[in-house]
$ cat coords25.cif   # mmCIF, C-alpha atoms
data_start
loop_
_atom_site.group_PDB
_atom_site.id
_atom_site.type_symbol
_atom_site.label_atom_id
_atom_site.label_comp_id
_atom_site.auth_asym_id
_atom_site.auth_seq_id
_atom_site.Cartn_x
_atom_site.Cartn_y
_atom_site.Cartn_z
ATOM 1 C CA MET A 1 105.555 109.221 21.792
ATOM 2 C CA THR A 2 105.363 107.393 25.120
ATOM 3 C CA THR A 3 104.921 103.650 24.765
ATOM 4 C CA ALA A 4 103.683 100.993 27.162
ATOM 5 C CA THR A 5 107.261 99.669 27.374
ATOM 6 C CA ASP A 6 108.422 103.034 28.737
ATOM 7 C CA ARG A 7 106.046 102.616 31.689
ATOM 8 C CA ILE A 8 106.841 98.972 32.520
ATOM 9 C CA ALA A 9 109.277 98.383 35.408
ATOM 10 C CA LEU A 10 112.333 96.723 33.877
ATOM 11 C CA ARG A 11 115.148 94.884 35.639
ATOM 12 C CA ASP A 12 118.462 93.483 34.403
ATOM 13 C CA ALA A 13 121.598 92.088 36.072
ATOM 14 C CA LEU A 14 122.431 95.572 37.357
ATOM 15 C CA GLY A 15 119.050 96.037 39.031
ATOM 16 C CA LEU A 16 115.848 97.963 38.417
ATOM 17 C CA LEU A 17 115.973 100.528 35.632
ATOM 18 C CA LYS A 18 115.029 104.054 36.640
ATOM 19 C CA ASP A 19 112.246 105.939 34.904
ATOM 20 C CA ARG A 20 113.479 107.311 31.578
ATOM 21 C CA GLU A 21 111.864 110.729 32.096
ATOM 22 C CA GLN A 22 113.274 111.106 35.630
ATOM 23 C CA ILE A 23 116.795 110.302 34.429
ATOM 24 C CA ALA A 24 116.497 112.856 31.647
ATOM 25 C CA GLU A 25 115.161 115.479 34.072
ATOM 26 C CA ARG A 26 118.209 115.028 36.342
ATOM 27 C CA LEU A 27 120.553 115.200 33.380
ATOM 28 C CA LEU A 28 118.892 118.395 32.190
ATOM 29 C CA GLU A 29 119.339 119.911 35.658
ATOM 30 C CA SER A 30 122.997 118.900 35.659
ATOM 31 C CA SER A 31 123.438 120.396 32.189
ATOM 32 C CA ALA A 32 122.002 123.702 33.398
ATOM 33 C CA ARG A 33 124.499 123.769 36.287
ATOM 34 C CA HIS A 34 127.618 122.384 34.645
ATOM 35 C CA SER A 35 127.853 123.326 30.978
ATOM 36 C CA PHE A 36 130.682 125.340 29.460
ATOM 37 C CA ASP A 37 131.322 127.657 26.554
ATOM 38 C CA PRO A 38 134.879 126.683 25.500
ATOM 39 C CA ASP A 39 135.366 129.940 23.592
ATOM 40 C CA LYS A 40 134.927 131.883 26.832
ATOM 41 C CA GLU A 41 136.083 129.324 29.398
ATOM 42 C CA LEU A 42 139.559 128.696 27.945
ATOM 43 C CA ASP A 43 142.438 131.100 27.265
ATOM 44 C CA TRP A 44 142.987 130.555 23.564
ATOM 45 C CA ASP A 45 145.330 133.539 23.264
ATOM 46 C CA ALA A 46 147.933 132.215 25.705
ATOM 47 C CA PRO A 47 150.957 130.674 23.946
ATOM 48 C CA MET A 48 151.683 126.976 24.246
ATOM 49 C CA VAL A 49 154.219 126.263 26.974
ATOM 50 C CA GLU A 50 157.627 125.119 25.773
ATOM 51 C CA GLY A 51 158.695 121.742 27.117
ATOM 52 C CA LYS A 52 155.204 120.490 27.987
ATOM 53 C CA TYR A 53 153.493 117.494 26.415
ATOM 54 C CA TYR A 54 150.237 117.581 24.467
ATOM 55 C CA TRP A 55 149.156 114.186 25.866
ATOM 56 C CA PRO A 56 150.529 112.220 28.833
ATOM 57 C CA PRO A 57 153.594 110.286 27.634
ATOM 58 C CA GLU A 58 152.383 106.970 29.097
ATOM 59 C CA LEU A 59 149.267 107.214 26.899
ATOM 60 C CA LEU A 60 151.195 107.759 23.659
ATOM 61 C CA SER A 61 151.144 104.799 21.315
ATOM 62 C CA LEU A 62 154.933 104.382 21.127
ATOM 63 C CA TYR A 63 155.616 104.730 24.851
ATOM 64 C CA ASP A 64 158.150 102.166 26.123
ATOM 65 C CA THR A 65 158.856 100.772 22.629
ATOM 66 C CA PRO A 66 162.402 100.566 21.161
ATOM 67 C CA LEU A 67 161.611 103.643 19.046
ATOM 68 C CA TRP A 68 160.504 105.572 22.137
ATOM 69 C CA LYS A 69 163.716 104.715 23.958
ATOM 70 C CA LYS A 70 165.759 106.129 21.081
ATOM 71 C CA MET A 71 163.871 109.440 21.062
ATOM 72 C CA GLY A 72 165.035 112.541 22.848
ATOM 73 C CA GLU A 73 162.601 114.553 24.956
ATOM 74 C CA GLU A 74 161.990 117.116 22.214
ATOM 75 C CA ARG A 75 160.973 114.459 19.716
ATOM 76 C CA ARG A 76 158.732 112.743 22.250
ATOM 77 C CA ILE A 77 156.905 116.031 22.804
ATOM 78 C CA GLU A 78 156.595 116.450 19.037
ATOM 79 C CA LEU A 79 155.046 112.972 18.859
ATOM 80 C CA SER A 80 152.567 114.011 21.540
ATOM 81 C CA ARG A 81 151.637 117.153 19.565
ATOM 82 C CA HIS A 82 150.780 115.162 16.457
ATOM 83 C CA GLU A 83 149.188 112.235 18.278
ATOM 84 C CA GLY A 84 147.096 114.659 20.336
ATOM 85 C CA ALA A 85 145.872 116.214 17.075
ATOM 86 C CA ALA A 86 145.062 112.745 15.721
ATOM 87 C CA LEU A 87 143.045 111.894 18.837
ATOM 88 C CA ALA A 88 141.184 115.211 18.628
ATOM 89 C CA SER A 89 140.421 114.433 14.967
ATOM 90 C CA LEU A 90 139.182 110.986 15.990
ATOM 91 C CA GLY A 91 137.010 112.616 18.657
ATOM 92 C CA ILE A 92 135.386 114.920 16.109
ATOM 93 C CA TRP A 93 134.685 111.952 13.813
ATOM 94 C CA PHE A 94 133.027 110.043 16.636
ATOM 95 C CA GLU A 95 130.964 113.005 17.778
ATOM 96 C CA ILE A 96 129.620 113.691 14.303
ATOM 97 C CA ILE A 97 128.558 110.035 14.117
ATOM 98 C CA LEU A 98 127.001 110.267 17.587
ATOM 99 C CA MET A 99 125.006 113.373 16.724
ATOM 100 C CA GLN A 100 123.491 111.672 13.698
ATOM 101 C CA LEU A 101 122.617 108.567 15.717
ATOM 102 C CA LEU A 102 120.957 110.681 18.416
ATOM 103 C CA VAL A 103 118.856 112.548 15.851
ATOM 104 C CA ARG A 104 117.696 109.198 14.449
ATOM 105 C CA HIS A 105 116.898 107.963 17.967
ATOM 106 C CA ILE A 106 114.550 110.846 18.787
ATOM 107 C CA TYR A 107 112.927 111.168 15.356
ATOM 108 C CA ASP A 108 109.773 109.233 16.314
ATOM 109 C CA LYS A 109 109.637 110.149 20.007
ATOM 110 C CA SER A 110 107.652 112.847 21.794
ATOM 111 C CA LEU A 111 109.379 116.162 21.117
ATOM 112 C CA THR A 112 108.157 117.581 24.446
ATOM 113 C CA SER A 113 109.542 114.710 26.559
ATOM 114 C CA ASN A 114 112.503 115.174 28.882
ATOM 115 C CA HIS A 115 114.197 112.271 27.096
ATOM 116 C CA VAL A 116 114.161 114.123 23.767
ATOM 117 C CA ARG A 117 115.009 117.469 25.364
ATOM 118 C CA TYR A 118 118.105 115.938 26.899
ATOM 119 C CA ALA A 119 119.130 114.320 23.594
ATOM 120 C CA LEU A 120 118.932 117.760 21.959
ATOM 121 C CA THR A 121 120.972 119.195 24.834
ATOM 122 C CA GLU A 122 123.599 116.516 24.302
ATOM 123 C CA ILE A 123 123.719 117.249 20.579
ATOM 124 C CA ALA A 124 124.415 120.890 21.430
ATOM 125 C CA ASP A 125 127.205 119.756 23.786
ATOM 126 C CA GLU A 126 128.742 117.625 21.046
ATOM 127 C CA CYS A 127 128.639 120.534 18.594
ATOM 128 C CA ARG A 128 130.664 122.624 21.059
ATOM 129 C CA HIS A 129 133.062 119.742 21.725
ATOM 130 C CA SER A 130 133.738 119.232 18.026
ATOM 131 C CA MET A 131 134.461 122.925 17.517
ATOM 132 C CA MET A 132 136.644 122.932 20.644
ATOM 133 C CA PHE A 133 138.711 119.988 19.401
ATOM 134 C CA ALA A 134 139.092 121.589 15.962
ATOM 135 C CA ARG A 135 140.288 124.823 17.542
ATOM 136 C CA LEU A 136 142.759 122.903 19.711
ATOM 137 C CA ILE A 137 144.255 121.216 16.619
ATOM 138 C CA GLN A 138 144.734 124.618 14.997
ATOM 139 C CA LYS A 139 146.203 126.136 18.159
ATOM 140 C CA ALA A 140 148.710 123.280 18.450
ATOM 141 C CA GLY A 141 149.885 123.978 14.906
ATOM 142 C CA ALA A 142 149.366 120.372 13.862
ATOM 143 C CA PRO A 143 147.413 119.013 10.892
ATOM 144 C CA ALA A 144 144.060 117.306 11.248
ATOM 145 C CA TYR A 145 144.307 113.543 10.914
ATOM 146 C CA PRO A 146 141.190 112.024 9.329
ATOM 147 C CA VAL A 147 140.529 108.320 9.785
ATOM 148 C CA SER A 148 141.219 106.028 6.843
ATOM 149 C CA ARG A 149 138.844 106.092 3.893
ATOM 150 C CA VAL A 150 137.792 102.506 4.696
ATOM 151 C CA ASN A 151 136.862 103.357 8.296
ATOM 152 C CA HIS A 152 135.186 106.573 7.190
ATOM 153 C CA ASN A 153 132.910 104.629 4.845
ATOM 154 C CA LEU A 154 132.308 101.818 7.350
ATOM 155 C CA ALA A 155 130.991 104.480 9.713
ATOM 156 C CA ARG A 156 128.757 105.798 6.941
ATOM 157 C CA VAL A 157 127.181 102.345 6.714
ATOM 158 C CA LEU A 158 126.859 102.133 10.515
ATOM 159 C CA LYS A 159 125.055 105.485 10.673
ATOM 160 C CA THR A 160 122.609 104.308 8.032
ATOM 161 C CA VAL A 161 121.730 100.800 9.217
ATOM 162 C CA SER A 162 122.398 100.834 12.972
ATOM 163 C CA THR A 163 119.490 99.837 15.185
ATOM 164 C CA THR A 164 118.865 101.703 18.443
ATOM 165 C CA PRO A 165 120.726 99.388 20.863
ATOM 166 C CA GLY A 166 123.611 99.117 18.399
ATOM 167 C CA SER A 167 123.783 102.907 18.217
ATOM 168 C CA PHE A 168 124.088 103.301 21.972
ATOM 169 C CA ALA A 169 126.614 100.465 22.289
ATOM 170 C CA CYS A 170 128.824 102.103 19.653
ATOM 171 C CA THR A 171 128.316 105.493 21.310
ATOM 172 C CA LEU A 172 129.714 104.158 24.575
ATOM 173 C CA LEU A 173 132.649 102.595 22.766
ATOM 174 C CA GLY A 174 133.547 105.957 21.268
ATOM 175 C CA GLU A 175 133.118 107.842 24.530
ATOM 176 C CA GLU A 176 134.427 105.721 27.373
ATOM 177 C CA VAL A 177 137.993 104.848 26.288
ATOM 178 C CA LEU A 178 138.775 108.454 25.403
ATOM 179 C CA ASP A 179 137.092 109.574 28.623
ATOM 180 C CA TRP A 180 139.358 107.278 30.667
ATOM 181 C CA MET A 181 142.417 108.807 29.002
ATOM 182 C CA GLN A 182 141.173 112.351 29.495
ATOM 183 C CA ARG A 183 140.590 111.750 33.209
ATOM 184 C CA LEU A 184 144.322 111.027 33.432
ATOM 185 C CA THR A 185 145.173 114.059 31.303
ATOM 186 C CA PHE A 186 143.489 117.069 32.887
ATOM 187 C CA PRO A 187 145.234 116.787 36.303
ATOM 188 C CA ASP A 188 148.666 116.053 34.718
ATOM 189 C CA GLU A 189 150.924 119.089 35.117
ATOM 190 C CA ARG A 190 153.334 117.770 32.453
ATOM 191 C CA VAL A 191 150.624 118.499 29.869
ATOM 192 C CA GLN A 192 149.874 121.810 28.141
ATOM 193 C CA PRO A 193 147.426 123.942 30.177
ATOM 194 C CA LEU A 194 145.097 124.381 27.187
ATOM 195 C CA VAL A 195 144.940 120.626 26.589
ATOM 196 C CA ARG A 196 144.174 120.079 30.265
ATOM 197 C CA GLY A 197 141.391 122.677 30.096
ATOM 198 C CA VAL A 198 139.857 121.076 27.019
ATOM 199 C CA THR A 199 139.902 117.590 28.571
ATOM 200 C CA ARG A 200 138.448 118.878 31.840
ATOM 201 C CA ILE A 201 135.426 120.371 30.051
ATOM 202 C CA HIS A 202 134.977 117.240 27.993
ATOM 203 C CA VAL A 203 135.150 114.892 31.001
ATOM 204 C CA ILE A 204 132.567 116.873 32.997
ATOM 205 C CA GLU A 205 130.058 117.058 30.159
ATOM 206 C CA GLU A 206 130.680 113.534 28.833
ATOM 207 C CA ALA A 207 129.789 112.044 32.230
ATOM 208 C CA ARG A 208 126.159 112.987 31.494
ATOM 209 C CA HIS A 209 126.352 111.572 27.973
ATOM 210 C CA VAL A 210 127.657 108.250 29.254
ATOM 211 C CA ARG A 211 124.866 108.028 31.849
ATOM 212 C CA TYR A 212 122.214 108.697 29.193
ATOM 213 C CA ALA A 213 123.667 106.103 26.787
ATOM 214 C CA ARG A 214 124.147 103.431 29.463
ATOM 215 C CA GLU A 215 120.603 103.721 30.778
ATOM 216 C CA GLU A 216 119.133 103.637 27.282
ATOM 217 C CA LEU A 217 121.263 100.672 26.207
ATOM 218 C CA ARG A 218 120.120 98.711 29.278
ATOM 219 C CA ARG A 219 116.509 99.450 28.362
ATOM 220 C CA GLN A 220 117.018 98.511 24.718
ATOM 221 C CA MET A 221 118.766 95.214 25.512
ATOM 222 C CA LEU A 222 115.764 94.205 27.631
ATOM 223 C CA THR A 223 113.065 95.255 25.163
ATOM 224 C CA ALA A 224 114.580 94.648 21.712
ATOM 225 C CA PRO A 225 113.680 91.440 19.867
ATOM 226 C CA ARG A 226 116.216 88.619 20.025
ATOM 227 C CA TRP A 227 117.493 89.199 16.468
ATOM 228 C CA GLU A 228 118.228 92.839 17.297
ATOM 229 C CA GLN A 229 120.052 91.923 20.497
ATOM 230 C CA GLU A 230 122.270 89.517 18.555
ATOM 231 C CA LEU A 231 122.873 92.079 15.819
ATOM 232 C CA THR A 232 123.904 94.546 18.535
ATOM 233 C CA ARG A 233 126.462 92.073 19.910
ATOM 234 C CA ILE A 234 127.997 91.564 16.474
ATOM 235 C CA SER A 235 127.920 95.221 15.344
ATOM 236 C CA CYS A 236 129.373 96.374 18.662
ATOM 237 C CA GLY A 237 132.181 93.815 18.372
ATOM 238 C CA GLU A 238 132.956 94.924 14.821
ATOM 239 C CA ALA A 239 132.907 98.563 15.946
ATOM 240 C CA ALA A 240 135.435 97.666 18.671
ATOM 241 C CA ARG A 241 137.710 96.170 16.032
ATOM 242 C CA VAL A 242 137.478 99.279 13.830
ATOM 243 C CA PHE A 243 137.896 101.590 16.826
ATOM 244 C CA SER A 244 141.081 99.884 18.014
ATOM 245 C CA LEU A 245 142.597 100.323 14.541
ATOM 246 C CA ALA A 246 141.441 103.941 14.172
ATOM 247 C CA PHE A 247 142.947 104.847 17.535
ATOM 248 C CA VAL A 248 146.416 104.793 15.960
ATOM 249 C CA ASN A 249 146.879 106.992 12.894
ATOM 250 C CA PRO A 250 150.075 105.910 11.053
ATOM 251 C CA ALA A 251 150.354 109.305 9.344
ATOM 252 C CA VAL A 252 151.454 110.696 12.736
ATOM 253 C CA TYR A 253 154.696 108.728 12.551
ATOM 254 C CA GLU A 254 155.517 110.012 9.078
ATOM 255 C CA SER A 255 154.919 113.576 10.277
ATOM 256 C CA ILE A 256 157.772 113.291 12.775
ATOM 257 C CA GLY A 257 160.114 111.416 10.444
ATOM 258 C CA LEU A 258 159.611 107.840 11.620
ATOM 259 C CA ASP A 259 159.248 104.799 9.408
ATOM 260 C CA ARG A 260 155.513 104.136 9.255
ATOM 261 C CA ARG A 261 155.711 100.326 9.067
ATOM 262 C CA GLU A 262 158.286 100.007 11.825
ATOM 263 C CA ALA A 263 156.307 102.273 14.161
ATOM 264 C CA VAL A 264 153.016 100.456 13.556
ATOM 265 C CA ALA A 265 154.708 97.081 14.096
ATOM 266 C CA GLN A 266 156.176 98.232 17.405
ATOM 267 C CA VAL A 267 152.806 99.539 18.598
ATOM 268 C CA LYS A 268 151.177 96.198 17.769
ATOM 269 C CA ALA A 269 153.905 94.352 19.676
ATOM 270 C CA SER A 270 153.780 96.675 22.700
ATOM 271 C CA GLY A 271 152.553 95.047 25.892
ATOM 272 C CA HIS A 272 152.274 98.481 27.492
ATOM 273 C CA ARG A 273 150.006 99.733 24.718
ATOM 274 C CA ARG A 274 147.789 96.664 24.958
ATOM 275 C CA GLU A 275 147.488 97.174 28.718
ATOM 276 C CA VAL A 276 146.586 100.866 28.264
ATOM 277 C CA MET A 277 143.825 100.102 25.777
ATOM 278 C CA GLN A 278 142.379 97.270 27.854
ATOM 279 C CA SER A 279 142.495 99.405 31.002
ATOM 280 C CA GLY A 280 140.724 102.219 29.158
ATOM 281 C CA ALA A 281 137.999 99.840 27.969
ATOM 282 C CA LYS A 282 137.593 97.789 31.162
ATOM 283 C CA ARG A 283 134.841 99.832 32.790
ATOM 284 C CA LEU A 284 132.888 99.622 29.534
ATOM 285 C CA THR A 285 133.520 95.929 28.883
ATOM 286 C CA ASP A 286 132.475 95.059 32.445
ATOM 287 C CA PHE A 287 129.223 96.952 31.882
ATOM 288 C CA LEU A 288 128.570 95.386 28.468
ATOM 289 C CA ASP A 289 129.267 91.946 29.924
ATOM 290 C CA ASP A 290 126.784 92.541 32.749
ATOM 291 C CA ILE A 291 123.952 93.511 30.395
ATOM 292 C CA GLY A 292 124.540 90.678 27.927
ATOM 293 C CA VAL A 293 126.303 92.397 25.019
ATOM 294 C CA LEU A 294 129.576 90.471 25.240
ATOM 295 C CA ARG A 295 128.375 87.061 24.124
ATOM 296 C CA GLY A 296 129.132 84.661 21.280
ATOM 297 C CA THR A 297 130.524 86.184 18.093
ATOM 298 C CA GLY A 298 130.428 89.657 19.609
ATOM 299 C CA ARG A 299 132.733 88.622 22.442
ATOM 300 C CA ARG A 300 135.166 87.006 20.009
ATOM 301 C CA LEU A 301 135.270 90.214 17.973
ATOM 302 C CA TRP A 302 135.991 92.229 21.120
ATOM 303 C CA LYS A 303 138.880 89.905 21.961
ATOM 304 C CA SER A 304 140.271 90.228 18.442
ATOM 305 C CA SER A 305 140.155 94.019 18.784
ATOM 306 C CA GLY A 306 142.625 93.864 21.674
ATOM 307 C CA LEU A 307 140.285 95.847 23.929
ATOM 308 C CA LEU A 308 139.145 92.795 25.900
ATOM 309 C CA ALA A 309 141.651 90.563 27.680
#

$ encode --input "coords25.cif" --output "structure tokens"
Amino acid sequence: MTTATDRIALRDALGLLKDREQIAERLLESSARHSFDPDKELDWDAPMVEGKYYWPPELLSLYDTPLWKKMGEERRIELSRHEGAALASLGIWFEIILMQLLVRHIYDKSLTSNHVRYALTEIADECRHSMMFARLIQKAGAPAYPVSRVNHNLARVLKTVSTTPGSFACTLLGEEVLDWMQRLTFPDERVQPLVRGVTRIHVIEEARHVRYAREELRRQMLTAPRWEQELTRISCGEAARVFSLAFVNPAVYESIGLDRREAVAQVKASGHRREVMQSGAKRLTDFLDDIGVLRGTGRRLWKSSGLLA
């Protein structure tokens, strides 16, 4: 349904918000022009290329640590194969959460609106992305790496109780850091051609998803009651903490014969890793700061996550 709030001109620190229906119409047009079928677009039958990484080395969790410096090139590539599979598994987990949050968002809205039509289009995109990531894991010959049981169940709670602004804030958290990494991956000729193709598709289609979520979060932070705005700040900060932990899957290190505790300790102590994660989150944290999400307890939680300097 269309509400009076949808028709009111709204303005925040970033300026005047555009009409929700006009934004959705443009995103639908972009989807019609620039959507991909990964099964047809990518060459899944081509063999993986020997000697190429599965993720840029500088983005691997152990890069520039003492353990990394002891590794030969072959073992570093093996680390990238397993860590790439872990990141693809993390991506699937996030996208399944996102799809459920989007369905909840549109449940009581006009089913013939552009806003809802685009949400359904995005859900279809995310279905294809999840299948694409799963196929990439299988093609790489690596296992899937589910998140910990604790994080899995925390996300179950989030999906159940999240309010609308909290849902979009968490959506952006899941999308924008990985998107930053993938923008560095698809042009990198050191990386497997199939991985580059997968990240290219994901970057192009995720740009629309980010625009949709950002515009809706701006609207929600202006129109939600004060208690919901504060809950969004806290839930988003807690999600950042969980996300930063889930981004490293310790089972990866065991798969390539490393001591799990030693590897995790070196990642936590790595200045390079901290810089990578903060760089990946900076565009998002700047945006969240501008629209009033990074305040009070929420800001402190973001700092504790290591994603905010």

$ closest_atom_pairs --input "coords25.cif" --of "stretch 144-252 of chain A" --to "stretch 115-123 of chain A" --cutoff "9 Å" --atoms "all atoms listed in the file" --output "JSON lines"
{"residue": "A:Glu205", "atom": "CA", "partner": "A:Glu122", "partner_atom": "CA", "distance": 8.7}
{"residue": "A:Glu206", "atom": "CA", "partner": "A:Glu122", "partner_atom": "CA", "distance": 8.9}
{"residue": "A:Arg208", "atom": "CA", "partner": "A:Glu122", "partner_atom": "CA", "distance": 8.4}
{"residue": "A:His209", "atom": "CA", "partner": "A:Glu122", "partner_atom": "CA", "distance": 6.7}
{"residue": "A:Tyr212", "atom": "CA", "partner": "A:Ala119", "partner_atom": "CA", "distance": 8.5}

$ write_last_selection --input "coords25.cif" --atoms "C-alpha atoms" --output "PDB file, in the frame of the given file"
ATOM      1  CA  GLU A 205     130.058 117.058  30.159  1.00  0.00           C
ATOM      2  CA  GLU A 206     130.680 113.534  28.833  1.00  0.00           C
ATOM      3  CA  ARG A 208     126.159 112.987  31.494  1.00  0.00           C
ATOM      4  CA  HIS A 209     126.352 111.572  27.973  1.00  0.00           C
ATOM      5  CA  TYR A 212     122.214 108.697  29.193  1.00  0.00           C
TER       6      TYR A 212
END

$ atom_distance --input "coords25.cif" --atom1 "atom CA of A:Gly292" --atom2 "atom CA of A:Ser279"
20.2 Å

$ resolve_selection --input "coords25.cif" --expression "the PyMOL selection byres ((chain A and resi 82) around 8)" --output "PDB file with C-alpha atoms, in the coordinates of the input"
ATOM      1  CA  GLU A  78     156.595 116.450  19.037  1.00  0.00           C
ATOM      2  CA  LEU A  79     155.046 112.972  18.859  1.00  0.00           C
ATOM      3  CA  SER A  80     152.567 114.011  21.540  1.00  0.00           C
ATOM      4  CA  ARG A  81     151.637 117.153  19.565  1.00  0.00           C
ATOM      5  CA  GLU A  83     149.188 112.235  18.278  1.00  0.00           C
ATOM      6  CA  GLY A  84     147.096 114.659  20.336  1.00  0.00           C
ATOM      7  CA  ALA A  85     145.872 116.214  17.075  1.00  0.00           C
ATOM      8  CA  ALA A  86     145.062 112.745  15.721  1.00  0.00           C
ATOM      9  CA  ALA A 142     149.366 120.372  13.862  1.00  0.00           C
ATOM     10  CA  PRO A 143     147.413 119.013  10.892  1.00  0.00           C
ATOM     11  CA  VAL A 252     151.454 110.696  12.736  1.00  0.00           C
ATOM     12  CA  SER A 255     154.919 113.576  10.277  1.00  0.00           C
TER      13      SER A 255
END

$ closest_residue --input "coords25.cif" --among "A:Ala9, A:Ala32, A:Leu62, A:Val147" --to "A:His272" --atoms "only C-alpha atoms"
A:Leu62

$ residues_around --input "coords25.cif" --residues "stretch 233-250 of chain A" --least-positions-apart "5" --cutoff "9 Å" --atoms "all atoms listed in the file" --output "ChimeraX atom specification"
/A:61,83,86-87,90,145-148,151,154-155,158,162,166-167,169-170,173-174,228,260-261,263-264,267,277,292-307

$ closest_residue --input "coords25.cif" --among "A:Pro165, A:Gly257, A:Pro193, A:Pro225" --to "A:Ile291" --atoms "all atoms listed in the file"
A:Pro165

$ build_atoms --input "coords25.cif" --residues "stretch 14-20 of chain A" --atoms "all heavy atoms" --output "PDB file, in the frame of the given file"
ATOM      1  N   LEU A  14     121.970  94.432  36.556  1.00  0.00           N
ATOM      2  CA  LEU A  14     122.431  95.572  37.357  1.00  0.00           C
ATOM      3  C   LEU A  14     121.340  96.119  38.270  1.00  0.00           C
ATOM      4  O   LEU A  14     121.602  97.041  39.051  1.00  0.00           O
ATOM      5  CB  LEU A  14     122.951  96.682  36.435  1.00  0.00           C
ATOM      6  CG  LEU A  14     124.164  96.311  35.584  1.00  0.00           C
ATOM      7  CD1 LEU A  14     124.533  97.460  34.648  1.00  0.00           C
ATOM      8  CD2 LEU A  14     125.355  95.938  36.454  1.00  0.00           C
ATOM      9  N   GLY A  15     120.136  95.588  38.161  1.00  0.00           N
ATOM     10  CA  GLY A  15     119.050  96.037  39.031  1.00  0.00           C
ATOM     11  C   GLY A  15     117.898  96.651  38.264  1.00  0.00           C
ATOM     12  O   GLY A  15     117.784  96.519  37.042  1.00  0.00           O
ATOM     13  N   LEU A  16     117.040  97.340  38.996  1.00  0.00           N
ATOM     14  CA  LEU A  16     115.848  97.963  38.417  1.00  0.00           C
ATOM     15  C   LEU A  16     116.237  99.209  37.635  1.00  0.00           C
ATOM     16  O   LEU A  16     116.999 100.047  38.118  1.00  0.00           O
ATOM     17  CB  LEU A  16     114.881  98.340  39.540  1.00  0.00           C
ATOM     18  CG  LEU A  16     113.464  98.751  39.135  1.00  0.00           C
ATOM     19  CD1 LEU A  16     112.699  97.570  38.553  1.00  0.00           C
ATOM     20  CD2 LEU A  16     112.730  99.325  40.348  1.00  0.00           C
ATOM     21  N   LEU A  17     115.714  99.329  36.417  1.00  0.00           N
ATOM     22  CA  LEU A  17     115.973 100.528  35.632  1.00  0.00           C
ATOM     23  C   LEU A  17     115.140 101.687  36.167  1.00  0.00           C
ATOM     24  O   LEU A  17     113.968 101.519  36.515  1.00  0.00           O
ATOM     25  CB  LEU A  17     115.630 100.298  34.161  1.00  0.00           C
ATOM     26  CG  LEU A  17     116.770  99.763  33.282  1.00  0.00           C
ATOM     27  CD1 LEU A  17     117.111  98.330  33.645  1.00  0.00           C
ATOM     28  CD2 LEU A  17     116.400  99.880  31.804  1.00  0.00           C
ATOM     29  N   LYS A  18     115.743 102.861  36.198  1.00  0.00           N
ATOM     30  CA  LYS A  18     115.029 104.054  36.640  1.00  0.00           C
ATOM     31  C   LYS A  18     114.147 104.572  35.514  1.00  0.00           C
ATOM     32  O   LYS A  18     114.353 104.271  34.343  1.00  0.00           O
ATOM     33  CB  LYS A  18     116.024 105.123  37.101  1.00  0.00           C
ATOM     34  CG  LYS A  18     116.836 104.725  38.325  1.00  0.00           C
ATOM     35  CD  LYS A  18     117.794 105.835  38.717  1.00  0.00           C
ATOM     36  CE  LYS A  18     118.509 105.490  40.027  1.00  0.00           C
ATOM     37  NZ  LYS A  18     119.341 104.270  39.916  1.00  0.00           N
ATOM     38  N   ASP A  19     113.167 105.362  35.886  1.00  0.00           N
ATOM     39  CA  ASP A  19     112.246 105.939  34.904  1.00  0.00           C
ATOM     40  C   ASP A  19     113.024 106.809  33.915  1.00  0.00           C
ATOM     41  O   ASP A  19     113.836 107.651  34.298  1.00  0.00           O
ATOM     42  CB  ASP A  19     111.187 106.781  35.627  1.00  0.00           C
ATOM     43  CG  ASP A  19     110.225 107.417  34.662  1.00  0.00           C
ATOM     44  OD1 ASP A  19     109.342 106.716  34.146  1.00  0.00           O
ATOM     45  OD2 ASP A  19     110.376 108.637  34.417  1.00  0.00           O
ATOM     46  N   ARG A  20     112.758 106.602  32.634  1.00  0.00           N
ATOM     47  CA  ARG A  20     113.479 107.311  31.578  1.00  0.00           C
ATOM     48  C   ARG A  20     113.330 108.834  31.700  1.00  0.00           C
ATOM     49  O   ARG A  20     114.293 109.577  31.548  1.00  0.00           O
ATOM     50  CB  ARG A  20     112.941 106.833  30.230  1.00  0.00           C
ATOM     51  CG  ARG A  20     113.577 107.466  29.031  1.00  0.00           C
ATOM     52  CD  ARG A  20     112.802 107.106  27.782  1.00  0.00           C
ATOM     53  NE  ARG A  20     113.450 106.082  27.006  1.00  0.00           N
ATOM     54  CZ  ARG A  20     112.852 105.425  26.005  1.00  0.00           C
ATOM     55  NH1 ARG A  20     111.599 105.691  25.722  1.00  0.00           N
ATOM     56  NH2 ARG A  20     113.506 104.520  25.308  1.00  0.00           N
TER      57      ARG A  20
END
